[in-house]
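Reproduced below: protein.pdb, with PDB, C-alpha atoms and all ligand atoms.
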ATOM      1  CA  MET A  13     -55.263 -25.408  48.784
ATOM      2  CA  GLN A  14     -55.948 -26.378  52.371
ATOM      3  CA  LYS A  15     -56.370 -30.126  52.907
ATOM      4  CA  ARG A  16     -59.398 -31.475  54.749
ATOM      5  CA  ILE A  17     -58.883 -34.524  56.962
ATOM      6  CA  LEU A  18     -61.633 -36.636  58.496
ATOM      7  CA  SER A  19     -60.520 -37.574  62.007
ATOM      8  CA  VAL A  20     -62.388 -40.572  63.417
ATOM      9  CA  HIS A  21     -61.567 -41.116  67.094
ATOM     10  CA  ASP A  22     -63.262 -40.773  70.464
ATOM     11  CA  ILE A  23     -63.319 -37.548  72.426
ATOM     12  CA  SER A  24     -61.680 -38.098  75.785
ATOM     13  CA  CYS A  25     -62.531 -34.811  77.478
ATOM     14  CA  LEU A  26     -59.564 -34.880  79.849
ATOM     15  CA  GLY A  27     -56.179 -36.426  79.087
ATOM     16  CA  LYS A  28     -55.047 -35.484  75.602
ATOM     17  CA  CYS A  29     -55.364 -38.367  73.160
ATOM     18  CA  SER A  30     -57.450 -39.312  70.112
ATOM     19  CA  ASN A  31     -59.392 -36.293  68.814
ATOM     20  CA  THR A  32     -58.041 -33.894  71.438
ATOM     21  CA  ALA A  33     -54.557 -34.639  70.089
ATOM     22  CA  ALA A  34     -55.554 -34.938  66.421
ATOM     23  CA  LEU A  35     -57.379 -31.593  66.257
ATOM     24  CA  PRO A  36     -54.561 -29.312  67.426
ATOM     25  CA  ILE A  37     -51.842 -31.304  65.680
ATOM     26  CA  LEU A  38     -53.513 -31.512  62.257
ATOM     27  CA  SER A  39     -54.518 -27.842  62.522
ATOM     28  CA  ALA A  40     -50.973 -26.813  63.442
ATOM     29  CA  ALA A  41     -49.796 -28.283  60.136
ATOM     30  CA  GLY A  42     -52.330 -26.082  58.328
ATOM     31  CA  HIS A  43     -55.012 -28.704  57.650
ATOM     32  CA  GLU A  44     -58.733 -28.547  58.320
ATOM     33  CA  CYS A  45     -59.604 -31.286  60.803
ATOM     34  CA  VAL A  46     -63.208 -32.489  60.647
ATOM     35  CA  ILE A  47     -64.048 -34.788  63.544
ATOM     36  CA  LEU A  48     -66.349 -37.784  63.567
ATOM     37  CA  PRO A  49     -66.480 -38.716  67.274
ATOM     38  CA  THR A  50     -66.874 -42.419  68.062
ATOM     39  CA  ALA A  51     -67.430 -42.144  71.815
ATOM     40  CA  LEU A  52     -67.412 -39.514  74.539
ATOM     41  CA  LEU A  53     -65.411 -40.283  77.652
ATOM     42  CA  SER A  54     -64.709 -38.226  80.754
ATOM     43  CA  THR A  55     -61.043 -39.270  80.443
ATOM     44  CA  HIS A  56     -59.078 -41.811  78.458
ATOM     45  CA  THR A  57     -58.669 -45.167  80.171
ATOM     46  CA  GLY A  58     -54.914 -45.100  80.841
ATOM     47  CA  GLY A  59     -54.206 -44.073  84.418
ATOM     48  CA  PHE A  60     -57.755 -43.080  85.396
ATOM     49  CA  VAL A  61     -60.475 -45.233  86.948
ATOM     50  CA  GLY A  62     -64.248 -44.768  86.838
ATOM     51  CA  ASN A  63     -64.367 -42.934  83.513
ATOM     52  CA  SER A  64     -67.749 -42.304  81.882
ATOM     53  CA  PHE A  65     -68.258 -43.765  78.397
ATOM     54  CA  LEU A  66     -70.927 -42.841  75.859
ATOM     55  CA  ASP A  67     -71.037 -44.908  72.657
ATOM     56  CA  LEU A  68     -71.809 -42.582  69.722
ATOM     57  CA  THR A  69     -72.586 -45.226  67.072
ATOM     58  CA  GLY A  70     -76.122 -43.905  66.491
ATOM     59  CA  VAL A  71     -74.961 -40.284  66.295
ATOM     60  CA  MET A  72     -72.207 -41.183  63.833
ATOM     61  CA  LYS A  73     -74.800 -42.585  61.434
ATOM     62  CA  LYS A  74     -76.798 -39.333  61.635
ATOM     63  CA  ILE A  75     -73.692 -37.189  61.099
ATOM     64  CA  LEU A  76     -72.662 -39.174  58.012
ATOM     65  CA  ARG A  77     -76.185 -39.087  56.635
ATOM     66  CA  HIS A  78     -76.157 -35.296  56.937
ATOM     67  CA  TRP A  79     -72.732 -35.000  55.334
ATOM     68  CA  GLU A  80     -73.891 -37.064  52.353
ATOM     69  CA  THR A  81     -76.422 -34.304  51.637
ATOM     70  CA  LEU A  82     -73.610 -31.712  51.731
ATOM     71  CA  HIS A  83     -71.393 -33.656  49.285
ATOM     72  CA  ILE A  84     -68.433 -32.860  51.472
ATOM     73  CA  ARG A  85     -65.057 -34.073  50.184
ATOM     74  CA  PHE A  86     -62.043 -35.150  52.205
ATOM     75  CA  ASP A  87     -58.401 -35.484  51.164
ATOM     76  CA  ALA A  88     -57.592 -38.047  53.848
ATOM     77  CA  VAL A  89     -59.190 -40.063  56.600
ATOM     78  CA  TYR A  90     -57.401 -40.768  59.859
ATOM     79  CA  THR A  91     -59.025 -43.294  62.195
ATOM     80  CA  GLY A  92     -58.131 -44.578  65.650
ATOM     81  CA  TYR A  93     -60.186 -45.599  68.673
ATOM     82  CA  PHE A  94     -63.671 -46.840  67.774
ATOM     83  CA  GLY A  95     -66.488 -47.195  70.296
ATOM     84  CA  SER A  96     -68.077 -50.346  68.848
ATOM     85  CA  ALA A  97     -67.459 -53.019  66.207
ATOM     86  CA  GLU A  98     -70.395 -51.732  64.176
ATOM     87  CA  GLN A  99     -68.564 -48.421  63.685
ATOM     88  CA  LEU A 100     -65.881 -50.197  61.639
ATOM     89  CA  THR A 101     -68.551 -51.225  59.140
ATOM     90  CA  ILE A 102     -70.164 -47.787  59.155
ATOM     91  CA  VAL A 103     -66.902 -45.993  58.391
ATOM     92  CA  ARG A 104     -65.745 -48.575  55.846
ATOM     93  CA  ASP A 105     -69.056 -48.280  54.002
ATOM     94  CA  TYR A 106     -68.847 -44.485  54.063
ATOM     95  CA  LEU A 107     -65.337 -44.582  52.589
ATOM     96  CA  LYS A 108     -66.206 -47.086  49.866
ATOM     97  CA  GLU A 109     -65.683 -45.568  46.406
ATOM     98  CA  LYS A 110     -64.073 -42.452  47.922
ATOM     99  CA  GLN A 111     -60.547 -41.788  46.685
ATOM    100  CA  LEU A 112     -58.644 -40.519  49.692
ATOM    101  CA  LEU A 113     -55.583 -41.331  51.717
ATOM    102  CA  ARG A 114     -56.453 -43.931  54.335
ATOM    103  CA  PHE A 115     -54.406 -43.508  57.473
ATOM    104  CA  ILE A 116     -55.306 -46.132  60.063
ATOM    105  CA  ASP A 117     -54.059 -46.252  63.619
ATOM    106  CA  PRO A 118     -55.447 -49.703  64.500
ATOM    107  CA  VAL A 119     -56.123 -48.938  68.163
ATOM    108  CA  LEU A 120     -56.616 -52.218  70.026
ATOM    109  CA  GLY A 121     -54.433 -52.221  73.117
ATOM    110  CA  ASP A 122     -50.990 -51.778  74.587
ATOM    111  CA  CYS A 123     -48.393 -53.636  76.660
ATOM    112  CA  GLY A 124     -49.798 -56.991  75.493
ATOM    113  CA  GLU A 125     -53.366 -56.235  76.676
ATOM    114  CA  LEU A 126     -56.513 -55.364  74.742
ATOM    115  CA  TYR A 127     -58.215 -52.134  75.851
ATOM    116  CA  ASN A 128     -61.194 -53.007  78.054
ATOM    117  CA  ILE A 129     -63.988 -52.435  75.512
ATOM    118  CA  TYR A 130     -62.453 -54.723  72.855
ATOM    119  CA  THR A 131     -62.788 -58.456  72.242
ATOM    120  CA  ASP A 132     -61.122 -61.072  70.030
ATOM    121  CA  ALA A 133     -64.031 -60.676  67.597
ATOM    122  CA  TYR A 134     -63.252 -56.952  67.401
ATOM    123  CA  VAL A 135     -59.624 -57.751  66.557
ATOM    124  CA  GLU A 136     -60.813 -59.911  63.633
ATOM    125  CA  LYS A 137     -63.000 -57.096  62.411
ATOM    126  CA  MET A 138     -60.210 -54.537  62.754
ATOM    127  CA  ARG A 139     -57.932 -56.802  60.686
ATOM    128  CA  GLU A 140     -60.459 -56.742  57.829
ATOM    129  CA  TYR A 141     -60.978 -52.985  58.265
ATOM    130  CA  CYS A 142     -57.203 -52.404  57.845
ATOM    131  CA  ARG A 143     -57.103 -54.042  54.398
ATOM    132  CA  GLY A 144     -55.871 -51.667  51.737
ATOM    133  CA  ALA A 145     -54.731 -48.931  54.157
ATOM    134  CA  ASP A 146     -52.208 -46.442  52.805
ATOM    135  CA  VAL A 147     -50.587 -46.076  56.214
ATOM    136  CA  LEU A 148     -50.932 -48.349  59.261
ATOM    137  CA  THR A 149     -49.411 -47.348  62.622
ATOM    138  CA  PRO A 150     -49.724 -50.223  65.133
ATOM    139  CA  ASN A 151     -47.787 -50.462  68.362
ATOM    140  CA  MET A 152     -46.196 -53.884  68.928
ATOM    141  CA  THR A 153     -49.251 -55.199  70.801
ATOM    142  CA  GLU A 154     -51.518 -54.221  67.920
ATOM    143  CA  ALA A 155     -49.065 -55.462  65.289
ATOM    144  CA  ALA A 156     -48.940 -58.908  66.940
ATOM    145  CA  LEU A 157     -52.746 -59.042  67.217
ATOM    146  CA  LEU A 158     -53.247 -58.067  63.577
ATOM    147  CA  ALA A 159     -50.520 -60.440  62.402
ATOM    148  CA  GLY A 160     -52.039 -63.280  64.445
ATOM    149  CA  MET A 161     -48.714 -63.754  66.210
ATOM    150  CA  PRO A 162     -47.918 -64.022  69.925
ATOM    151  CA  TYR A 163     -46.968 -60.782  71.681
ATOM    152  CA  ASN A 164     -43.355 -61.060  72.775
ATOM    153  CA  GLY A 165     -42.942 -57.699  74.460
ATOM    154  CA  ASP A 166     -41.942 -54.445  72.807
ATOM    155  CA  ARG A 167     -38.251 -55.280  72.582
ATOM    156  CA  TYR A 168     -36.980 -56.239  69.167
ATOM    157  CA  GLU A 169     -33.715 -56.499  67.333
ATOM    158  CA  GLU A 170     -33.695 -54.661  64.020
ATOM    159  CA  ASN A 171     -33.653 -57.940  62.054
ATOM    160  CA  GLU A 172     -36.583 -59.474  63.981
ATOM    161  CA  VAL A 173     -39.458 -57.375  62.690
ATOM    162  CA  GLY A 174     -39.496 -58.806  59.146
ATOM    163  CA  THR A 175     -42.078 -61.542  59.836
ATOM    164  CA  ILE A 176     -44.491 -59.189  61.500
ATOM    165  CA  LEU A 177     -44.142 -56.654  58.663
ATOM    166  CA  ASP A 178     -44.786 -59.387  56.074
ATOM    167  CA  ALA A 179     -47.988 -60.373  57.886
ATOM    168  CA  LEU A 180     -49.171 -56.747  57.855
ATOM    169  CA  PHE A 181     -48.246 -56.280  54.194
ATOM    170  CA  ALA A 182     -50.358 -59.371  53.469
ATOM    171  CA  LEU A 183     -53.319 -57.140  54.389
ATOM    172  CA  ASP A 184     -52.514 -55.131  51.259
ATOM    173  CA  VAL A 185     -51.220 -52.236  53.346
ATOM    174  CA  HIS A 186     -48.784 -49.881  51.586
ATOM    175  CA  ARG A 187     -46.858 -48.339  54.455
ATOM    176  CA  VAL A 188     -46.412 -49.643  57.981
ATOM    177  CA  VAL A 189     -45.009 -47.779  60.941
ATOM    178  CA  LEU A 190     -44.419 -49.947  64.008
ATOM    179  CA  THR A 191     -44.484 -47.641  67.034
ATOM    180  CA  GLY A 192     -43.102 -47.924  70.549
ATOM    181  CA  VAL A 193     -40.450 -50.436  69.527
ATOM    182  CA  ARG A 194     -37.793 -50.875  72.206
ATOM    183  CA  PHE A 195     -34.284 -51.191  70.815
ATOM    184  CA  GLY A 196     -32.074 -52.417  73.669
ATOM    185  CA  GLU A 197     -32.140 -50.883  77.172
ATOM    186  CA  ALA A 198     -31.752 -47.254  76.309
ATOM    187  CA  GLU A 199     -33.637 -46.612  73.078
ATOM    188  CA  ILE A 200     -37.193 -46.624  71.758
ATOM    189  CA  GLY A 201     -38.534 -45.657  68.369
ATOM    190  CA  ILE A 202     -40.286 -46.737  65.231
ATOM    191  CA  VAL A 203     -39.781 -49.041  62.270
ATOM    192  CA  ILE A 204     -40.982 -47.639  58.971
ATOM    193  CA  ALA A 205     -41.544 -49.914  56.001
ATOM    194  CA  GLU A 206     -42.973 -49.450  52.513
ATOM    195  CA  ARG A 207     -44.193 -52.442  50.544
ATOM    196  CA  GLU A 208     -43.615 -51.295  46.970
ATOM    197  CA  SER A 209     -40.155 -49.763  47.387
ATOM    198  CA  GLY A 210     -38.851 -52.203  50.002
ATOM    199  CA  LEU A 211     -37.820 -49.245  52.189
ATOM    200  CA  LYS A 212     -37.234 -50.323  55.784
ATOM    201  CA  ALA A 213     -35.643 -48.185  58.483
ATOM    202  CA  CYS A 214     -35.480 -47.900  62.256
ATOM    203  CA  LEU A 215     -35.640 -44.441  63.798
ATOM    204  CA  LYS A 216     -34.640 -44.200  67.447
ATOM    205  CA  THR A 217     -34.790 -41.829  70.399
ATOM    206  CA  PRO A 218     -33.581 -42.183  73.991
ATOM    207  CA  TYR A 219     -35.998 -44.192  76.175
ATOM    208  CA  ALA A 220     -37.687 -42.506  79.159
ATOM    209  CA  ASP A 221     -38.556 -45.316  81.548
ATOM    210  CA  THR A 222     -42.241 -44.408  82.017
ATOM    211  CA  PHE A 223     -45.491 -45.057  80.180
ATOM    212  CA  PHE A 224     -46.949 -41.876  78.679
ATOM    213  CA  PRO A 225     -50.654 -42.201  77.737
ATOM    214  CA  GLY A 226     -51.464 -40.541  74.432
ATOM    215  CA  THR A 227     -48.006 -40.976  72.917
ATOM    216  CA  GLY A 228     -49.239 -43.183  70.069
ATOM    217  CA  ASP A 229     -51.953 -40.685  69.187
ATOM    218  CA  THR A 230     -49.565 -37.735  69.320
ATOM    219  CA  PHE A 231     -47.107 -39.499  67.026
ATOM    220  CA  ALA A 232     -49.735 -40.792  64.577
ATOM    221  CA  SER A 233     -51.402 -37.369  64.349
ATOM    222  CA  ALA A 234     -48.081 -35.678  63.590
ATOM    223  CA  LEU A 235     -47.194 -38.329  60.995
ATOM    224  CA  CYS A 236     -50.599 -37.964  59.331
ATOM    225  CA  ALA A 237     -50.245 -34.172  59.392
ATOM    226  CA  ARG A 238     -46.863 -34.180  57.650
ATOM    227  CA  LEU A 239     -47.772 -36.896  55.112
ATOM    228  CA  VAL A 240     -50.887 -35.004  54.064
ATOM    229  CA  ALA A 241     -48.716 -31.879  53.808
ATOM    230  CA  GLY A 242     -46.724 -33.751  51.159
ATOM    231  CA  ASP A 243     -43.563 -34.784  52.999
ATOM    232  CA  ALA A 244     -41.711 -37.927  51.921
ATOM    233  CA  PHE A 245     -42.491 -40.913  54.152
ATOM    234  CA  ALA A 246     -39.141 -41.041  55.972
ATOM    235  CA  ASP A 247     -39.062 -37.256  56.457
ATOM    236  CA  ALA A 248     -42.601 -37.222  57.868
ATOM    237  CA  ALA A 249     -41.751 -40.096  60.220
ATOM    238  CA  LYS A 250     -38.615 -38.349  61.482
ATOM    239  CA  THR A 251     -40.461 -35.051  62.062
ATOM    240  CA  ALA A 252     -43.275 -36.868  63.906
ATOM    241  CA  LEU A 253     -40.845 -38.843  66.058
ATOM    242  CA  ASP A 254     -38.820 -35.743  66.979
ATOM    243  CA  PHE A 255     -42.030 -33.862  67.780
ATOM    244  CA  THR A 256     -43.178 -36.721  70.018
ATOM    245  CA  TYR A 257     -39.813 -36.998  71.751
ATOM    246  CA  ARG A 258     -39.700 -33.277  72.541
ATOM    247  CA  SER A 259     -43.309 -33.432  73.772
ATOM    248  CA  ILE A 260     -42.371 -36.295  76.103
ATOM    249  CA  GLN A 261     -39.471 -34.279  77.475
ATOM    250  CA  ALA A 262     -41.865 -31.398  78.171
ATOM    251  CA  THR A 263     -44.265 -33.809  79.924
ATOM    252  CA  ILE A 264     -41.798 -35.451  82.303
ATOM    253  CA  PRO A 265     -42.090 -32.771  85.027
ATOM    254  CA  THR A 266     -45.932 -32.934  84.918
ATOM    255  CA  GLU A 267     -48.594 -35.486  85.852
ATOM    256  CA  ILE A 268     -48.182 -37.742  82.845
ATOM    257  CA  ARG A 269     -51.656 -39.274  82.760
ATOM    258  CA  TYR A 270     -53.042 -35.977  81.435
ATOM    259  CA  GLY A 271     -51.349 -36.640  78.096
ATOM    260  CA  LEU A 272     -48.332 -35.206  76.339
ATOM    261  CA  CYS A 273     -47.518 -31.499  76.642
ATOM    262  CA  PHE A 274     -47.142 -31.029  72.900
ATOM    263  CA  GLU A 275     -48.470 -27.448  72.730
ATOM    264  CA  GLU A 276     -45.104 -25.666  72.762
ATOM    265  CA  GLU A 277     -43.902 -27.923  69.935
ATOM    266  CA  LEU A 278     -46.838 -27.454  67.565
ATOM    267  CA  SER A 279     -45.116 -24.759  65.507
ATOM    268  CA  SER A 280     -42.500 -27.323  64.395
ATOM    269  CA  LEU A 281     -45.206 -29.105  62.358
ATOM    270  CA  ARG A 282     -45.879 -26.200  60.035
TER
HETATM  271  O1  LIG B 301     -54.529 -43.577  72.986
HETATM  272  C1  LIG B 301     -55.450 -44.555  72.643
HETATM  273  C2  LIG B 301     -56.741 -44.342  73.360
HETATM  274  C3  LIG B 301     -57.754 -43.652  72.741
HETATM  275  N1  LIG B 301     -58.936 -43.441  73.327
HETATM  276  C4  LIG B 301     -59.171 -43.885  74.582
HETATM  277  C5  LIG B 301     -58.187 -44.581  75.270
HETATM  278  C6  LIG B 301     -56.947 -44.820  74.658
HETATM  279  C7  LIG B 301     -55.903 -45.525  75.361
HETATM  280  O2  LIG B 301     -55.966 -45.853  76.502
HETATM  281  O3  LIG B 301     -58.441 -44.999  76.512
HETATM  282  C8  LIG B 301     -60.504 -43.622  75.204
END

Please, can you express the file's structure as structure tokens?
Ligand code: PXL
Amino acid sequence: MQKRILSVHDISCLGKCSNTAALPILSAAGHECVILPTALLSTHTGGFVGNSFLDLTGVMKKILRHWETLHIRFDAVYTGYFGSAEQLTIVRDYLKEKQLLRFIDPVLGDCGELYNIYTDAYVEKMREYCRGADVLTPNMTEAALLAGMPYNGDRYEENEVGTILDALFALDVHRVVLTGVRFGEAEIGIVIAERESGLKACLKTPYADTFFPGTGDTFASALCARLVAGDAFADAAKTALDFTYRSIQATIPTEIRYGLCFEEELSSLR
């Protein structure tokens, strides 16, 4: 039976990220991807200036109200970039009582900075929203913000991430994937951790010394796709990381602000 995933992110028309990454990636794994757009932007905000921004909070309420009349069921929900703090409440209320896998990419910022539409109050609200998530995929900026700890850069030794993981597990989260973790000069990767089993592992790839917008969304979408397909956690994480790495390699000769060139790699997610 095909799985149906609710994908709650903005639509950045140009520059693949959020829903324009989630849609092709979840579909490539064989899932139905139903989008609930949070905002409509001309481009994402990494590497472009002067982007248009339309907050879709009011439209989201209408969409959900319509869906309630259709009694539509989802197997999983995958959320990322929200357009307003109120949307966190709207989505949380919609999900209440619904038994489905909750995959949360707690999009807040990167490189130690909050994205421009977010505030400290939004961070507090996101922390509450993350409670009880099945899977949480923060980068190190977001992990520090959610853990209430100072951001100390993306570089970590393998034995240094324990405190930050404990703070995230205190939010009653089952699985955490820390993304964009720098291991030494030459490597970057992820830390995966599972609360119940105590599993903890670092997965690494060579580091390309450039910032690629949309990488977090590409990785999280691939991880969500493979987890919903039924892969074991570590297998799904490895597939998603390899997919992201190969997509980065394909992007290097291009103008990187337009997002990762993942298209040629999509068949590896099936
Ligand atoms: O990739 C996260 C993201 C999502 N949506 C928008 C963004 C960003 C990151 O910059 O600007 C609109």

Residues of chain A within 9 Å of ligand LIG 301 (chain B): nearest atom pair and distance (Å, one decimal) for each, counting all atoms listed in the file, sorted by chain and number, as a Markdown table?
| residue | atom | partner | partner_atom | distance |
| --- | --- | --- | --- | --- |
| A:His21 | CA | B:LIG301 | N1 | 7.2 |
| A:Asp22 | CA | B:LIG301 | N1 | 5.8 |
| A:Ile23 | CA | B:LIG301 | C8 | 7.2 |
| A:Ser24 | CA | B:LIG301 | C8 | 5.7 |
| A:Lys28 | CA | B:LIG301 | O1 | 8.5 |
| A:Cys29 | CA | B:LIG301 | O1 | 5.3 |
| A:Ser30 | CA | B:LIG301 | C3 | 5.1 |
| A:Asn31 | CA | B:LIG301 | N1 | 8.5 |
| A:Ala51 | CA | B:LIG301 | C8 | 7.9 |
| A:Leu52 | CA | B:LIG301 | C8 | 8.1 |
| A:Leu53 | CA | B:LIG301 | C8 | 6.4 |
| A:Ser54 | CA | B:LIG301 | C8 | 8.8 |
| A:Thr55 | CA | B:LIG301 | C8 | 6.8 |
| A:His56 | CA | B:LIG301 | O3 | 3.8 |
| A:Thr57 | CA | B:LIG301 | O3 | 3.7 |
| A:Gly58 | CA | B:LIG301 | O2 | 4.5 |
| A:Gly59 | CA | B:LIG301 | O2 | 8.3 |
| A:Phe65 | CA | B:LIG301 | C8 | 8.4 |
| A:Gly92 | CA | B:LIG301 | C3 | 7.2 |
| A:Tyr93 | CA | B:LIG301 | C3 | 5.1 |
| A:Phe94 | CA | B:LIG301 | N1 | 8.1 |
| A:Gly95 | CA | B:LIG301 | C8 | 8.5 |
| A:Val119 | CA | B:LIG301 | C1 | 6.3 |
| A:Leu120 | CA | B:LIG301 | C1 | 8.2 |
| A:Gly121 | CA | B:LIG301 | C7 | 7.2 |
| A:Asp122 | CA | B:LIG301 | O2 | 8.0 |
| A:Tyr127 | CA | B:LIG301 | O2 | 6.7 |
| A:Asn128 | CA | B:LIG301 | O3 | 8.6 |
| A:Pro225 | CA | B:LIG301 | O1 | 6.3 |
| A:Gly226 | CA | B:LIG301 | O1 | 4.5 |
| A:Thr227 | CA | B:LIG301 | O1 | 7.0 |
| A:Gly228 | CA | B:LIG301 | O1 | 6.1 |
| A:Asp229 | CA | B:LIG301 | O1 | 5.4 |
| A:Thr230 | CA | B:LIG301 | O1 | 8.5 |

Show me, as CSV, the residues of segment 209-237 of chain A having an atom within 12 Å of segment 173-186 of chain A, each with the closest atom pair and its distance in Å, using all atoms listed in the file.
residue,atom,partner,partner_atom,distance
A:Ser209,CA,A:His186,CA,9.6
A:Gly210,CA,A:His186,CA,10.3
A:Leu211,CA,A:His186,CA,11.0
A:Lys212,CA,A:Gly174,CA,9.4
A:Ala213,CA,A:Val173,CA,10.8
A:Cys214,CA,A:Val173,CA,10.3

* For Val240 of chain A, the nearest of the candidates A:Arg104, A:Thr81, A:Phe86, A:Val71, counting only C-alpha atoms ->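 Among the listed residues, the smallest separation from Val240 of chain A belongs to A:Phe86.
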
* **Pairwise distance for atom CA of Phe231 of chain A and atom CA of Ile75 of chain A, rounded to one decimal in Å** =>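 Taking atom CA of Phe231 of chain A and atom CA of Ile75 of chain A, their separation equals 27.3 Å.
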
* Work out how far atom CA of Asp243 of chain A is from atom CA of Leu272 of chain A, in Å to one decimal. =>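 Computing it gives 23.8 Å between the two atoms.
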
All heavy atoms restored at segment 44-51 of chain A, emitted as a tab-separated table (two decimals), in the frame of the given file:
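Saved to result.tsv:
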chain	number	residue	atom	x	y	z
A	44	GLU	N	-57.42	-28.60	57.67
A	44	GLU	CA	-58.73	-28.55	58.32
A	44	GLU	C	-59.01	-29.94	58.88
A	44	GLU	O	-58.94	-30.93	58.16
A	44	GLU	CB	-59.83	-28.17	57.31
A	44	GLU	CG	-61.21	-28.17	57.94
A	44	GLU	CD	-62.32	-27.96	56.92
A	44	GLU	OE1	-62.02	-27.70	55.73
A	44	GLU	OE2	-63.49	-28.10	57.31
A	45	CYS	N	-59.33	-29.99	60.15
A	45	CYS	CA	-59.60	-31.29	60.80
A	45	CYS	C	-61.09	-31.37	61.11
A	45	CYS	O	-61.60	-30.62	61.94
A	45	CYS	CB	-58.77	-31.39	62.08
A	45	CYS	SG	-59.10	-32.88	63.02
A	46	VAL	N	-61.78	-32.28	60.43
A	46	VAL	CA	-63.21	-32.49	60.65
A	46	VAL	C	-63.35	-33.74	61.52
A	46	VAL	O	-62.84	-34.80	61.16
A	46	VAL	CB	-63.93	-32.73	59.30
A	46	VAL	CG1	-65.40	-33.04	59.52
A	46	VAL	CG2	-63.77	-31.52	58.40
A	47	ILE	N	-64.01	-33.62	62.65
A	47	ILE	CA	-64.05	-34.79	63.54
A	47	ILE	C	-65.35	-35.57	63.41
A	47	ILE	O	-66.43	-35.00	63.22
A	47	ILE	CB	-63.81	-34.41	65.03
A	47	ILE	CG1	-64.88	-33.45	65.54
A	47	ILE	CG2	-62.42	-33.85	65.22
A	47	ILE	CD1	-64.85	-33.29	67.06
A	48	LEU	N	-65.21	-36.88	63.46
A	48	LEU	CA	-66.35	-37.78	63.57
A	48	LEU	C	-66.13	-38.55	64.88
A	48	LEU	O	-65.35	-39.50	64.92
A	48	LEU	CB	-66.39	-38.74	62.37
A	48	LEU	CG	-67.54	-39.74	62.35
A	48	LEU	CD1	-68.90	-39.05	62.30
A	48	LEU	CD2	-67.39	-40.70	61.17
A	49	PRO	N	-66.77	-38.11	65.97
A	49	PRO	CA	-66.48	-38.72	67.27
A	49	PRO	C	-67.13	-40.09	67.41
A	49	PRO	O	-68.30	-40.27	67.06
A	49	PRO	CB	-67.07	-37.75	68.30
A	49	PRO	CG	-67.74	-36.66	67.53
A	49	PRO	CD	-67.73	-37.00	66.08
A	50	THR	N	-66.39	-41.04	67.93
A	50	THR	CA	-66.87	-42.42	68.06
A	50	THR	C	-67.44	-42.70	69.44
A	50	THR	O	-68.26	-43.60	69.61
A	50	THR	CB	-65.72	-43.40	67.80
A	50	THR	OG1	-64.66	-43.11	68.72
A	50	THR	CG2	-65.20	-43.27	66.37
A	51	ALA	N	-66.98	-41.96	70.43
A	51	ALA	CA	-67.43	-42.14	71.82
A	51	ALA	C	-67.04	-40.90	72.59
A	51	ALA	O	-66.14	-40.16	72.17
A	51	ALA	CB	-66.78	-43.37	72.44
